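Only one structure is covered here, and it is reproduced in the block below.
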Amino acid sequence: MADLQAALSEAIELNRSISQFLKFSAYLNCNDLSGLDIDFSDGEQLLLLDELRHITDKLADVQEYIPYLTRPIMKVSRLRKGTAGKYRTAKWHYYDCRSSIKALETDEYHNIP
């Protein structure tokens with residue numbers, strides 16, 4: 001079975017390649033890939049351009065998300081819903097609609113305490 005940290009290291013390495021590809025494709029300046037030299041009378045090139053546009057959009061999403069995985073966890077706490085409908089931690093810190101949190105929820109697939 002693969003190691004989780006090794007998988008993260010591979011993702012970080014992959015992110016470097018994605019960055020190079022996006023720079024090469026001129027996606028950073030023209031996210032519609034209009035910066036690429038293309039013969040608009042050639043149907044095959046038009047198809048390729050359209051497919052590459054879909055791919056680069058998804059790779060740009062991945063490129064933004066991978067650095068998120070390397071950010072430190074600021075706080076770990078169990079959230080409980082209070083009587084007023086607001087969520088709070090065990091130390092009575094409340095979160096509302098203006099709060100930015102990332103919650104890990106249990107499900108049937110992952111057996112997480």
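Residues in the structure tokens are named by chain (A, B, ... in the order shown) and by number from 1 within that chain; ligands are numbered from 1 in the order shown.
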(message) Using DSSP secondary structure from the backbone, list all helix (DSSP H, G or I) positions within region 4-105 of chain A, as an NGL selection string.
(response) :A and (4-24 or 43-69)
Please provide the set of residues having any atom within 12 Å of Ser25 (chain A), restricted to only C-alpha atoms, with same-chain residues fewer than 2 positions apart removed, written as a PDB file with N, CA, C and O atoms, in the first residue's frame.
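Output contents, as saved in part05.pdb:
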```pdb
ATOM      1  N   ILE A  18       2.594  20.586 -13.849  1.00  0.00           N
ATOM      2  CA  ILE A  18       1.364  21.262 -14.271  1.00  0.00           C
ATOM      3  C   ILE A  18       1.647  22.743 -14.489  1.00  0.00           C
ATOM      4  O   ILE A  18       1.202  23.330 -15.485  1.00  0.00           O
ATOM      5  N   SER A  19       2.410  23.352 -13.600  1.00  0.00           N
ATOM      6  CA  SER A  19       2.754  24.771 -13.745  1.00  0.00           C
ATOM      7  C   SER A  19       3.516  25.021 -15.031  1.00  0.00           C
ATOM      8  O   SER A  19       3.234  25.996 -15.744  1.00  0.00           O
ATOM      9  N   GLN A  20       4.477  24.148 -15.342  1.00  0.00           N
ATOM     10  CA  GLN A  20       5.234  24.290 -16.585  1.00  0.00           C
ATOM     11  C   GLN A  20       4.321  24.163 -17.801  1.00  0.00           C
ATOM     12  O   GLN A  20       4.437  24.931 -18.756  1.00  0.00           O
ATOM     13  N   PHE A  21       3.417  23.194 -17.778  1.00  0.00           N
ATOM     14  CA  PHE A  21       2.503  22.997 -18.905  1.00  0.00           C
ATOM     15  C   PHE A  21       1.586  24.201 -19.090  1.00  0.00           C
ATOM     16  O   PHE A  21       1.368  24.660 -20.212  1.00  0.00           O
ATOM     17  N   LEU A  22       1.041  24.727 -17.984  1.00  0.00           N
ATOM     18  CA  LEU A  22       0.151  25.878 -18.095  1.00  0.00           C
ATOM     19  C   LEU A  22       0.892  27.107 -18.616  1.00  0.00           C
ATOM     20  O   LEU A  22       0.338  27.884 -19.396  1.00  0.00           O
ATOM     21  N   LYS A  23       2.143  27.253 -18.201  1.00  0.00           N
ATOM     22  CA  LYS A  23       2.945  28.370 -18.708  1.00  0.00           C
ATOM     23  C   LYS A  23       3.225  28.183 -20.202  1.00  0.00           C
ATOM     24  O   LYS A  23       3.099  29.116 -20.990  1.00  0.00           O
ATOM     25  N   TYR A  27      -1.741  29.498 -20.946  1.00  0.00           N
ATOM     26  CA  TYR A  27      -2.997  29.512 -20.191  1.00  0.00           C
ATOM     27  C   TYR A  27      -3.026  30.639 -19.172  1.00  0.00           C
ATOM     28  O   TYR A  27      -4.070  31.231 -18.917  1.00  0.00           O
ATOM     29  N   LEU A  28      -1.881  30.945 -18.588  1.00  0.00           N
ATOM     30  CA  LEU A  28      -1.830  31.958 -17.541  1.00  0.00           C
ATOM     31  C   LEU A  28      -2.201  33.342 -18.074  1.00  0.00           C
ATOM     32  O   LEU A  28      -2.759  34.163 -17.348  1.00  0.00           O
ATOM     33  N   ASN A  29      -1.890  33.610 -19.326  1.00  0.00           N
ATOM     34  CA  ASN A  29      -2.230  34.899 -19.937  1.00  0.00           C
ATOM     35  C   ASN A  29      -3.568  34.847 -20.670  1.00  0.00           C
ATOM     36  O   ASN A  29      -4.280  35.853 -20.723  1.00  0.00           O
ATOM     37  N   CYS A  30      -3.875  33.707 -21.266  1.00  0.00           N
ATOM     38  CA  CYS A  30      -5.096  33.554 -22.066  1.00  0.00           C
ATOM     39  C   CYS A  30      -5.732  32.216 -21.714  1.00  0.00           C
ATOM     40  O   CYS A  30      -5.405  31.195 -22.325  1.00  0.00           O
ATOM     41  N   ASN A  31      -6.654  32.215 -20.738  1.00  0.00           N
ATOM     42  CA  ASN A  31      -7.194  30.932 -20.296  1.00  0.00           C
ATOM     43  C   ASN A  31      -8.104  30.275 -21.326  1.00  0.00           C
ATOM     44  O   ASN A  31      -8.552  29.153 -21.132  1.00  0.00           O
ATOM     45  N   ASP A  32      -8.359  30.940 -22.436  1.00  0.00           N
ATOM     46  CA  ASP A  32      -9.098  30.304 -23.532  1.00  0.00           C
ATOM     47  C   ASP A  32      -8.142  29.723 -24.579  1.00  0.00           C
ATOM     48  O   ASP A  32      -8.558  29.249 -25.618  1.00  0.00           O
ATOM     49  N   LEU A  33      -6.845  29.760 -24.264  1.00  0.00           N
ATOM     50  CA  LEU A  33      -5.761  29.250 -25.121  1.00  0.00           C
ATOM     51  C   LEU A  33      -5.650  30.004 -26.439  1.00  0.00           C
ATOM     52  O   LEU A  33      -5.086  29.503 -27.409  1.00  0.00           O
ATOM     53  N   SER A  34      -6.161  31.222 -26.485  1.00  0.00           N
ATOM     54  CA  SER A  34      -6.054  32.027 -27.698  1.00  0.00           C
ATOM     55  C   SER A  34      -4.619  32.471 -27.963  1.00  0.00           C
ATOM     56  O   SER A  34      -4.326  32.979 -29.041  1.00  0.00           O
ATOM     57  N   GLY A  35      -3.725  32.255 -27.014  1.00  0.00           N
ATOM     58  CA  GLY A  35      -2.323  32.589 -27.209  1.00  0.00           C
ATOM     59  C   GLY A  35      -1.569  31.543 -28.012  1.00  0.00           C
ATOM     60  O   GLY A  35      -0.417  31.752 -28.388  1.00  0.00           O
ATOM     61  N   LEU A  36      -2.204  30.420 -28.302  1.00  0.00           N
ATOM     62  CA  LEU A  36      -1.564  29.368 -29.099  1.00  0.00           C
ATOM     63  C   LEU A  36      -1.746  29.649 -30.583  1.00  0.00           C
ATOM     64  O   LEU A  36      -2.785  30.158 -31.018  1.00  0.00           O
ATOM     65  N   ASP A  37      -0.739  29.295 -31.349  1.00  0.00           N
ATOM     66  CA  ASP A  37      -0.808  29.439 -32.801  1.00  0.00           C
ATOM     67  C   ASP A  37      -1.647  28.295 -33.353  1.00  0.00           C
ATOM     68  O   ASP A  37      -1.313  27.125 -33.152  1.00  0.00           O
ATOM     69  N   LEU A  49      -7.820  22.016 -29.807  1.00  0.00           N
ATOM     70  CA  LEU A  49      -7.869  23.222 -28.991  1.00  0.00           C
ATOM     71  C   LEU A  49      -8.989  23.137 -27.959  1.00  0.00           C
ATOM     72  O   LEU A  49      -8.798  23.455 -26.783  1.00  0.00           O
ATOM     73  N   LEU A  52      -8.005  20.580 -25.284  1.00  0.00           N
ATOM     74  CA  LEU A  52      -6.944  21.118 -24.435  1.00  0.00           C
ATOM     75  C   LEU A  52      -7.474  22.195 -23.497  1.00  0.00           C
ATOM     76  O   LEU A  52      -7.002  22.337 -22.374  1.00  0.00           O
ATOM     77  N   ARG A  53      -8.469  22.944 -23.952  1.00  0.00           N
ATOM     78  CA  ARG A  53      -9.086  23.958 -23.092  1.00  0.00           C
ATOM     79  C   ARG A  53      -9.737  23.297 -21.879  1.00  0.00           C
ATOM     80  O   ARG A  53      -9.591  23.771 -20.752  1.00  0.00           O
ATOM     81  N   ILE A  55      -8.908  20.375 -20.592  1.00  0.00           N
ATOM     82  CA  ILE A  55      -7.823  19.811 -19.784  1.00  0.00           C
ATOM     83  C   ILE A  55      -7.126  20.895 -18.971  1.00  0.00           C
ATOM     84  O   ILE A  55      -6.891  20.725 -17.772  1.00  0.00           O
ATOM     85  N   THR A  56      -6.811  22.016 -19.615  1.00  0.00           N
ATOM     86  CA  THR A  56      -6.091  23.068 -18.900  1.00  0.00           C
ATOM     87  C   THR A  56      -6.947  23.685 -17.787  1.00  0.00           C
ATOM     88  O   THR A  56      -6.420  24.050 -16.738  1.00  0.00           O
ATOM     89  N   ASP A  57      -8.249  23.784 -18.001  1.00  0.00           N
ATOM     90  CA  ASP A  57      -9.123  24.285 -16.932  1.00  0.00           C
ATOM     91  C   ASP A  57      -9.047  23.383 -15.709  1.00  0.00           C
ATOM     92  O   ASP A  57      -8.939  23.854 -14.572  1.00  0.00           O
ATOM     93  N   LEU A  59      -6.607  21.212 -14.981  1.00  0.00           N
ATOM     94  CA  LEU A  59      -5.253  21.244 -14.416  1.00  0.00           C
ATOM     95  C   LEU A  59      -5.029  22.515 -13.607  1.00  0.00           C
ATOM     96  O   LEU A  59      -4.340  22.482 -12.578  1.00  0.00           O
ATOM     97  N   ALA A  60      -5.609  23.620 -14.036  1.00  0.00           N
ATOM     98  CA  ALA A  60      -5.487  24.864 -13.268  1.00  0.00           C
ATOM     99  C   ALA A  60      -6.169  24.715 -11.905  1.00  0.00           C
ATOM    100  O   ALA A  60      -5.662  25.218 -10.897  1.00  0.00           O
TER     101      ALA A  60
END
```
(request) Point out the residue among A:Tyr94, A:Ser9, A:Lys102, A:Val62 with the least atom-to-atom distance to Lys75 (chain A), counting only C-alpha atoms. (result)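 The shortest atom-to-atom distance to Lys75 (chain A) comes from A:Lys102.
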(request) Could you jot down the CA of Glu51 (chain A) to CA of Leu14 (chain A) separation for me, Å, one decimal place? (result) 20.5 Å
(message) Give me, as a ChimeraX atom specification, the residues of region 35-111 of chain A that a backbone DSSP run labels strand (DSSP E).
(response) /A:80-81,87-88,94-95
(message) Report, in Å to a single decimal, how far apart CA of Tyr65 (chain A) and CA of Ser100 (chain A) are.
(response) 16.4 Å
(message) Rounded to one decimal, what separation in Å do you get between CA of Ala7 (chain A) and CA of His54 (chain A)?
(response)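 Here the two named atoms are 25.0 Å from each other.
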Which residues, written as a PDB file with N, CA and C atoms, in the first residue's frame, have at least one atom at most 9 Å from Ile12 (chain A), with only C-alpha atoms counted and residues fewer than 3 positions away on the same chain left out?
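Result file part38.pdb:
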```
ATOM      1  N   ALA A   7       2.567   9.991  -1.389  1.00  0.00           N
ATOM      2  CA  ALA A   7       1.584  10.431  -2.378  1.00  0.00           C
ATOM      3  C   ALA A   7       1.529  11.957  -2.428  1.00  0.00           C
ATOM      4  N   LEU A   8       1.599  12.609  -1.274  1.00  0.00           N
ATOM      5  CA  LEU A   8       1.613  14.070  -1.236  1.00  0.00           C
ATOM      6  C   LEU A   8       2.864  14.612  -1.920  1.00  0.00           C
ATOM      7  N   SER A   9       4.004  13.983  -1.690  1.00  0.00           N
ATOM      8  CA  SER A   9       5.248  14.403  -2.343  1.00  0.00           C
ATOM      9  C   SER A   9       5.133  14.293  -3.856  1.00  0.00           C
ATOM     10  N   ASN A  15       2.590  18.997  -9.416  1.00  0.00           N
ATOM     11  CA  ASN A  15       2.176  20.400  -9.493  1.00  0.00           C
ATOM     12  C   ASN A  15       3.212  21.244 -10.233  1.00  0.00           C
ATOM     13  N   ARG A  16       4.475  20.917 -10.069  1.00  0.00           N
ATOM     14  CA  ARG A  16       5.529  21.634 -10.805  1.00  0.00           C
ATOM     15  C   ARG A  16       5.377  21.407 -12.308  1.00  0.00           C
ATOM     16  N   ILE A  66      -3.472  21.755  -4.859  1.00  0.00           N
ATOM     17  CA  ILE A  66      -2.343  21.028  -4.259  1.00  0.00           C
ATOM     18  C   ILE A  66      -1.624  21.847  -3.189  1.00  0.00           C
ATOM     19  N   PRO A  67      -1.343  23.136  -3.403  1.00  0.00           N
ATOM     20  CA  PRO A  67      -0.701  23.905  -2.318  1.00  0.00           C
ATOM     21  C   PRO A  67      -1.552  23.976  -1.046  1.00  0.00           C
ATOM     22  N   THR A  70      -0.619  21.470   1.585  1.00  0.00           N
ATOM     23  CA  THR A  70       0.617  21.660   2.340  1.00  0.00           C
ATOM     24  C   THR A  70       0.482  22.739   3.414  1.00  0.00           C
TER      25      THR A  70
END
```
